[in-house]
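Worksheet: the structure to be examined is printed underneath.
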Amino acid sequence: MTIEHRRGVVVLALVASFMVFVDGTIVSLALAQLASHLDASRAELEWAINAYTLSFAAVLLGAGAITDTLGAKRAFVAGLLIFAASSAVCAVAGSMVMLNVARLIQGAGAALLLPSALVLATASATDERARHRLVGSWAAAGGVGMAAGPLLGGALVALVDWRAVFAVNVVLGIPAAAWSIRSMPAVARGSRRLDLAGMTTATVLIGGLIFVLIQGPAQGWLSPAVLVAAALTVAGLAGFVWAERPTRAPLLPPGVYADRGFVGTAAQGALFNFAFYGLLFAMSLMLQQGRGLSAIASGLLFLPLTAPIAIGSVCAAPLAQRIGRPAVLGIGQAVLAAMFLAVAWASTASALWPLVLALIPVGLTSGLLVPTMTSRSLAAVEPALHGAASAVFNTSRQLGSAVGIATFGPLLGATHSLSDGFITCLVVGAAATAVALLLTALTRRPAAVPAAAACRSHA
């Protein structure tokens with residue numbers, strides 16, 4: 001692979017990471033126009049966001065297996081084409097039903113993109129230092145996407161209309177897919193076979209669980225739809241256990257979860273997303289309903305939180321090389337827990353500047369933590385299993401996000417004052433981060449488990 005091709009592959013992987021994460025936040029500022037143009041109900045507007053999250057999380061685990069089995073290039077190209085095509089359907093949708101179905105498909109395309117992009121980004125790394133630097137760049141691209149989402153969405157809606165929010169993915173995705181098919185070198189495929197039964201049951205399990213977590217607080221935990229989803233979750237779990245026991249090529253290879261460092265890092269990722277995305281959800285309501293700010297003003301106030309994520313992500317690799325990943329995680333988690341409490345204190349002030357100042361270190365430490373956790377999870381397994389490891393790690397994070405939003409929503413309304421509920425949410429977030437800090441202290445540095453040995457031990 002020439003230097004130009006390597007750079008092109010890395011750039012494409014970073015663009016894919018940006019696209020996946022920007023689509024998680026860009027739609028929020030198009031909701032008002034969707035409501036008027038497509039006569040959307042509040043429930044339909046919620047699903048414009050939740051449909052993407054649900055399918056993304058449900059398909060992600062199987063997407064990691066597809067990446068390892070069929071090869072990162074094939075998974076990447078398929079993900080790009082699905083993502084771009086479903087975005088085009090969203091852009092021309094004439095009803096909310098059509099748009100939300102397309103958003104479900106878009107989330108599945110994003111799930112294929114994420115692990116394959118990470119494998120492609122790190123495939124050209126010649127040593128551990130280069131791999132960690134590339135993981136940091138990949139995470140930084142996602143952080144920039146998440147930060148740019150509200151502003152980019154607001155600008156596109158203001159300058160064009162809501163359809164431009166989805167059309168931008170077509171503009172980026174089609175040329176990227178064409179270059180990938182024509183010029184991207186193939187990354188060696190692993191020896192795993194595709195576990196279709198495991199993929200199907202895992203998708204039902206995770207999709208049902210995410211639906212329960214999303215709709216339970218809104219519809220009631222005993223509503224028919226939630227009960228059906230809960231039954232599917234239980235059936236998916238039973239089916240997954242049944243399907244995985246006899247297979248020689250399981251969806252979750254022992255080489256992925258045999259190392260307690262990987263398991264601990266996946267748990268830390270879930271706890272981080274629980275606290276961080278719970279904070280995003282709670283702060284959005286606190287600023288708009290509690291402080292009475294507009295959506296645009298609230299989006300701008302998110303910048304002190306989201307923009308430093310990109311800075312922290314870039315700094316994560318050199319800092320980890322200097323002091324080690326466990327030290328970065330320990331220091332970052334300790335600071336993050338303390339700053340959650342600082343944000344709680346700052347939210348009680350009548351002026352906004354204490355809140356802005358407290359949010360900056362939250363974003364910076366979050367940017368340090370995500371790539372460090374990601375690279376630590378990859379270090380626990382052989383390169384042949386990086387797709388599966390990335391999928392498991394990111395699935396745990398998506399589950400953490402869903403649980404965080406499902407938890408922080410009721411906590412906000414648990415008291416008479418929205419401000420008091422916001423403080424309660426932040427205390428819970430600080431506690432979750434403290435548990436992650438404890439896991440950092442208890443888990444040893446992960447050691448790679450040879451893929452061949454892992455398969456023999458399972459057989």
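In the structure tokens, chains take the letters A, B, ... in the order shown, each chain's residues start at 1, and ligands count up from 1 in the order shown.
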Distance table requested - stretch 62-84 of chain A against stretch 389-403 of chain A, cut-off 9 Å, only C-alpha atoms: one row per qualifying residue with the closest atom pair and its distance in Å to one decimal, ordered by chain and rising residue number, as JSON lines.
{"residue": "A:Gly62", "atom": "CA", "partner": "A:Ala391", "partner_atom": "CA", "distance": 7.7}
{"residue": "A:Ala63", "atom": "CA", "partner": "A:Ala391", "partner_atom": "CA", "distance": 6.9}
{"residue": "A:Gly64", "atom": "CA", "partner": "A:Ala391", "partner_atom": "CA", "distance": 4.8}
{"residue": "A:Ala65", "atom": "CA", "partner": "A:Ala391", "partner_atom": "CA", "distance": 8.1}
> Could you name the residues that touch A:Ser366 at 12 Å or less, counting only C-alpha atoms, but leaving out those on the same chain fewer than 3 positions away, as a ChimeraX atom specification?
Replying inline: /A:139-140,143,269,272-273,275-277,305-316,328-329,331-337,339-340,359-363,369-373,433
Within 12 Å of A:Gln289 using only C-alpha atoms, minus same-chain residues under 2 positions, as a PDB file with N, CA and C atoms, in the first residue's frame:
ATOM      1  N   ALA A 282     -30.044  15.868  29.886  1.00  0.00           N
ATOM      2  CA  ALA A 282     -30.547  16.668  31.003  1.00  0.00           C
ATOM      3  C   ALA A 282     -30.249  18.152  30.804  1.00  0.00           C
ATOM      4  N   MET A 283     -29.065  18.458  30.268  1.00  0.00           N
ATOM      5  CA  MET A 283     -28.690  19.857  30.102  1.00  0.00           C
ATOM      6  C   MET A 283     -29.534  20.528  29.025  1.00  0.00           C
ATOM      7  N   SER A 284     -29.895  19.778  27.974  1.00  0.00           N
ATOM      8  CA  SER A 284     -30.741  20.342  26.929  1.00  0.00           C
ATOM      9  C   SER A 284     -32.081  20.789  27.507  1.00  0.00           C
ATOM     10  N   LEU A 285     -32.685  19.954  28.319  1.00  0.00           N
ATOM     11  CA  LEU A 285     -33.969  20.315  28.937  1.00  0.00           C
ATOM     12  C   LEU A 285     -33.798  21.425  29.961  1.00  0.00           C
ATOM     13  N   MET A 286     -32.716  21.383  30.730  1.00  0.00           N
ATOM     14  CA  MET A 286     -32.493  22.406  31.746  1.00  0.00           C
ATOM     15  C   MET A 286     -32.329  23.791  31.105  1.00  0.00           C
ATOM     16  N   LEU A 287     -31.571  23.862  29.990  1.00  0.00           N
ATOM     17  CA  LEU A 287     -31.330  25.145  29.345  1.00  0.00           C
ATOM     18  C   LEU A 287     -32.591  25.690  28.682  1.00  0.00           C
ATOM     19  N   ARG A 291     -34.147  27.355  31.851  1.00  0.00           N
ATOM     20  CA  ARG A 291     -33.629  28.711  31.656  1.00  0.00           C
ATOM     21  C   ARG A 291     -34.394  29.485  30.593  1.00  0.00           C
ATOM     22  N   GLY A 292     -35.217  28.799  29.796  1.00  0.00           N
ATOM     23  CA  GLY A 292     -36.007  29.469  28.768  1.00  0.00           C
ATOM     24  C   GLY A 292     -35.211  29.911  27.561  1.00  0.00           C
ATOM     25  N   LEU A 293     -34.076  29.251  27.259  1.00  0.00           N
ATOM     26  CA  LEU A 293     -33.248  29.620  26.120  1.00  0.00           C
ATOM     27  C   LEU A 293     -33.780  28.975  24.847  1.00  0.00           C
ATOM     28  N   SER A 294     -33.487  29.580  23.704  1.00  0.00           N
ATOM     29  CA  SER A 294     -33.887  29.027  22.419  1.00  0.00           C
ATOM     30  C   SER A 294     -33.006  27.825  22.072  1.00  0.00           C
ATOM     31  N   ALA A 295     -33.422  27.073  21.046  1.00  0.00           N
ATOM     32  CA  ALA A 295     -32.648  25.904  20.620  1.00  0.00           C
ATOM     33  C   ALA A 295     -31.272  26.327  20.106  1.00  0.00           C
ATOM     34  N   SER A 298     -29.112  27.354  23.063  1.00  0.00           N
ATOM     35  CA  SER A 298     -28.723  26.157  23.807  1.00  0.00           C
ATOM     36  C   SER A 298     -27.638  25.388  23.062  1.00  0.00           C
ATOM     37  N   LEU A 412     -34.904  14.012  36.376  1.00  0.00           N
ATOM     38  CA  LEU A 412     -35.162  15.436  36.197  1.00  0.00           C
ATOM     39  C   LEU A 412     -36.522  15.833  36.758  1.00  0.00           C
ATOM     40  N   GLY A 413     -37.494  14.932  36.624  1.00  0.00           N
ATOM     41  CA  GLY A 413     -38.833  15.246  37.095  1.00  0.00           C
ATOM     42  C   GLY A 413     -39.154  14.700  38.464  1.00  0.00           C
ATOM     43  N   SER A 417     -38.467  21.075  41.403  1.00  0.00           N
ATOM     44  CA  SER A 417     -37.656  22.030  40.653  1.00  0.00           C
ATOM     45  C   SER A 417     -36.804  21.291  39.623  1.00  0.00           C
ATOM     46  N   LEU A 418     -36.820  21.790  38.361  1.00  0.00           N
ATOM     47  CA  LEU A 418     -35.978  21.214  37.319  1.00  0.00           C
ATOM     48  C   LEU A 418     -34.502  21.383  37.667  1.00  0.00           C
ATOM     49  N   SER A 419     -34.168  22.479  38.327  1.00  0.00           N
ATOM     50  CA  SER A 419     -32.788  22.714  38.744  1.00  0.00           C
ATOM     51  C   SER A 419     -32.328  21.663  39.743  1.00  0.00           C
ATOM     52  N   PHE A 422     -31.777  18.430  37.933  1.00  0.00           N
ATOM     53  CA  PHE A 422     -30.519  18.472  37.186  1.00  0.00           C
ATOM     54  C   PHE A 422     -29.341  18.175  38.106  1.00  0.00           C
TER      55      PHE A 422
END
>> List the spatial neighbours of A:Arg163 as a PyMOL selection string - criterion: any atom at most 10 Å away, only C-alpha atoms, same-chain residues fewer than 4 positions off excluded.
In response: chain A and resi 30+33-34+87-93+156-157+167-168
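The smallest atom-to-atom distance between A:Ala78 and any of A:Ala110, A:Leu61, A:Ala225, A:Leu54, using only C-alpha atoms, is found for A:Ala110.
One distance worth recording is that between atom CA of A:Gly109 and atom CA of A:Val15, which is 14.3 Å.
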>> Residues near A:Leu442, anyone? I mean within 12 Å using only C-alpha atoms, not counting same-chain ones fewer than 4 positions away, as an MDAnalysis selection string.
In response: chainID A and resid 260:261 263:265 268 326 330 435:438 446
Would you save the residues of that selection, restricted to N, CA and C atoms, as a PDB file, in the first residue's frame?
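Below you can see out16.pdb, which holds the result:
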ATOM      1  N   ARG A 260      -9.782  -9.728  31.268  1.00  0.00           N
ATOM      2  CA  ARG A 260     -10.611  -8.909  32.158  1.00  0.00           C
ATOM      3  C   ARG A 260     -10.366  -7.423  31.930  1.00  0.00           C
ATOM      4  N   GLY A 261      -9.199  -7.082  31.363  1.00  0.00           N
ATOM      5  CA  GLY A 261      -8.956  -5.679  31.015  1.00  0.00           C
ATOM      6  C   GLY A 261      -9.920  -5.200  29.959  1.00  0.00           C
ATOM      7  N   VAL A 263     -12.964  -6.518  29.343  1.00  0.00           N
ATOM      8  CA  VAL A 263     -14.288  -6.473  29.961  1.00  0.00           C
ATOM      9  C   VAL A 263     -14.433  -5.218  30.820  1.00  0.00           C
ATOM     10  N   GLY A 264     -13.384  -4.921  31.596  1.00  0.00           N
ATOM     11  CA  GLY A 264     -13.423  -3.717  32.423  1.00  0.00           C
ATOM     12  C   GLY A 264     -13.507  -2.453  31.595  1.00  0.00           C
ATOM     13  N   THR A 265     -12.770  -2.414  30.462  1.00  0.00           N
ATOM     14  CA  THR A 265     -12.803  -1.232  29.604  1.00  0.00           C
ATOM     15  C   THR A 265     -14.165  -1.072  28.949  1.00  0.00           C
ATOM     16  N   GLN A 268     -16.345   0.378  31.494  1.00  0.00           N
ATOM     17  CA  GLN A 268     -16.033   1.801  31.660  1.00  0.00           C
ATOM     18  C   GLN A 268     -16.652   2.633  30.542  1.00  0.00           C
ATOM     19  N   PRO A 326      -3.476   3.462  31.781  1.00  0.00           N
ATOM     20  CA  PRO A 326      -4.178   3.444  33.076  1.00  0.00           C
ATOM     21  C   PRO A 326      -4.126   4.787  33.794  1.00  0.00           C
ATOM     22  N   GLY A 330      -7.294   6.910  34.864  1.00  0.00           N
ATOM     23  CA  GLY A 330      -7.511   7.225  36.273  1.00  0.00           C
ATOM     24  C   GLY A 330      -7.626   8.717  36.528  1.00  0.00           C
ATOM     25  N   VAL A 435     -17.351   4.828  39.806  1.00  0.00           N
ATOM     26  CA  VAL A 435     -17.306   3.369  39.624  1.00  0.00           C
ATOM     27  C   VAL A 435     -16.337   3.009  38.495  1.00  0.00           C
ATOM     28  N   ALA A 436     -16.341   3.781  37.409  1.00  0.00           N
ATOM     29  CA  ALA A 436     -15.397   3.551  36.319  1.00  0.00           C
ATOM     30  C   ALA A 436     -13.960   3.716  36.805  1.00  0.00           C
ATOM     31  N   LEU A 437     -13.731   4.699  37.664  1.00  0.00           N
ATOM     32  CA  LEU A 437     -12.403   4.891  38.251  1.00  0.00           C
ATOM     33  C   LEU A 437     -11.983   3.671  39.064  1.00  0.00           C
ATOM     34  N   LEU A 438     -12.917   3.098  39.802  1.00  0.00           N
ATOM     35  CA  LEU A 438     -12.629   1.888  40.572  1.00  0.00           C
ATOM     36  C   LEU A 438     -12.257   0.731  39.646  1.00  0.00           C
ATOM     37  N   PRO A 446      -4.367  -4.804  29.651  1.00  0.00           N
ATOM     38  CA  PRO A 446      -4.765  -5.940  28.834  1.00  0.00           C
ATOM     39  C   PRO A 446      -3.604  -6.496  28.026  1.00  0.00           C
TER      40      PRO A 446
END
> Tell me, which residues of stretch 188-362 of chain A carry DSSP helix (DSSP H, G or I), written as JSON, numbers by chain?
Replying inline: {"A": [196, 197, 198, 199, 200, 201, 202, 203, 204, 205, 206, 207, 208, 209, 210, 211, 212, 213, 214, 215, 216, 217, 218, 219, 224, 225, 226, 227, 228, 229, 230, 231, 232, 233, 234, 235, 236, 237, 238, 239, 240, 241, 242, 243, 244, 254, 255, 256, 257, 260, 261, 262, 263, 264, 265, 266, 267, 268, 269, 270, 271, 272, 273, 274, 275, 276, 277, 278, 279, 280, 281, 282, 283, 284, 285, 286, 287, 288, 289, 290, 295, 296, 297, 298, 299, 300, 301, 303, 304, 305, 306, 307, 308, 309, 310, 311, 312, 313, 314, 315, 316, 317, 318, 319, 320, 321, 322, 323, 325, 326, 327, 328, 329, 330, 331, 332, 333, 334, 335, 336, 337, 338, 339, 340, 341, 342, 343, 344, 345, 346, 353, 354, 355, 356, 357, 358, 359, 360, 361, 362]}
> Could you name the residues that touch A:Ala155 at 12 Å or less, counting only C-alpha atoms, but leaving out those on the same chain fewer than 2 positions away, as a ChimeraX atom specification?
Replying inline: /A:26-27,29-30,148-153,157-162,164-165,296,299
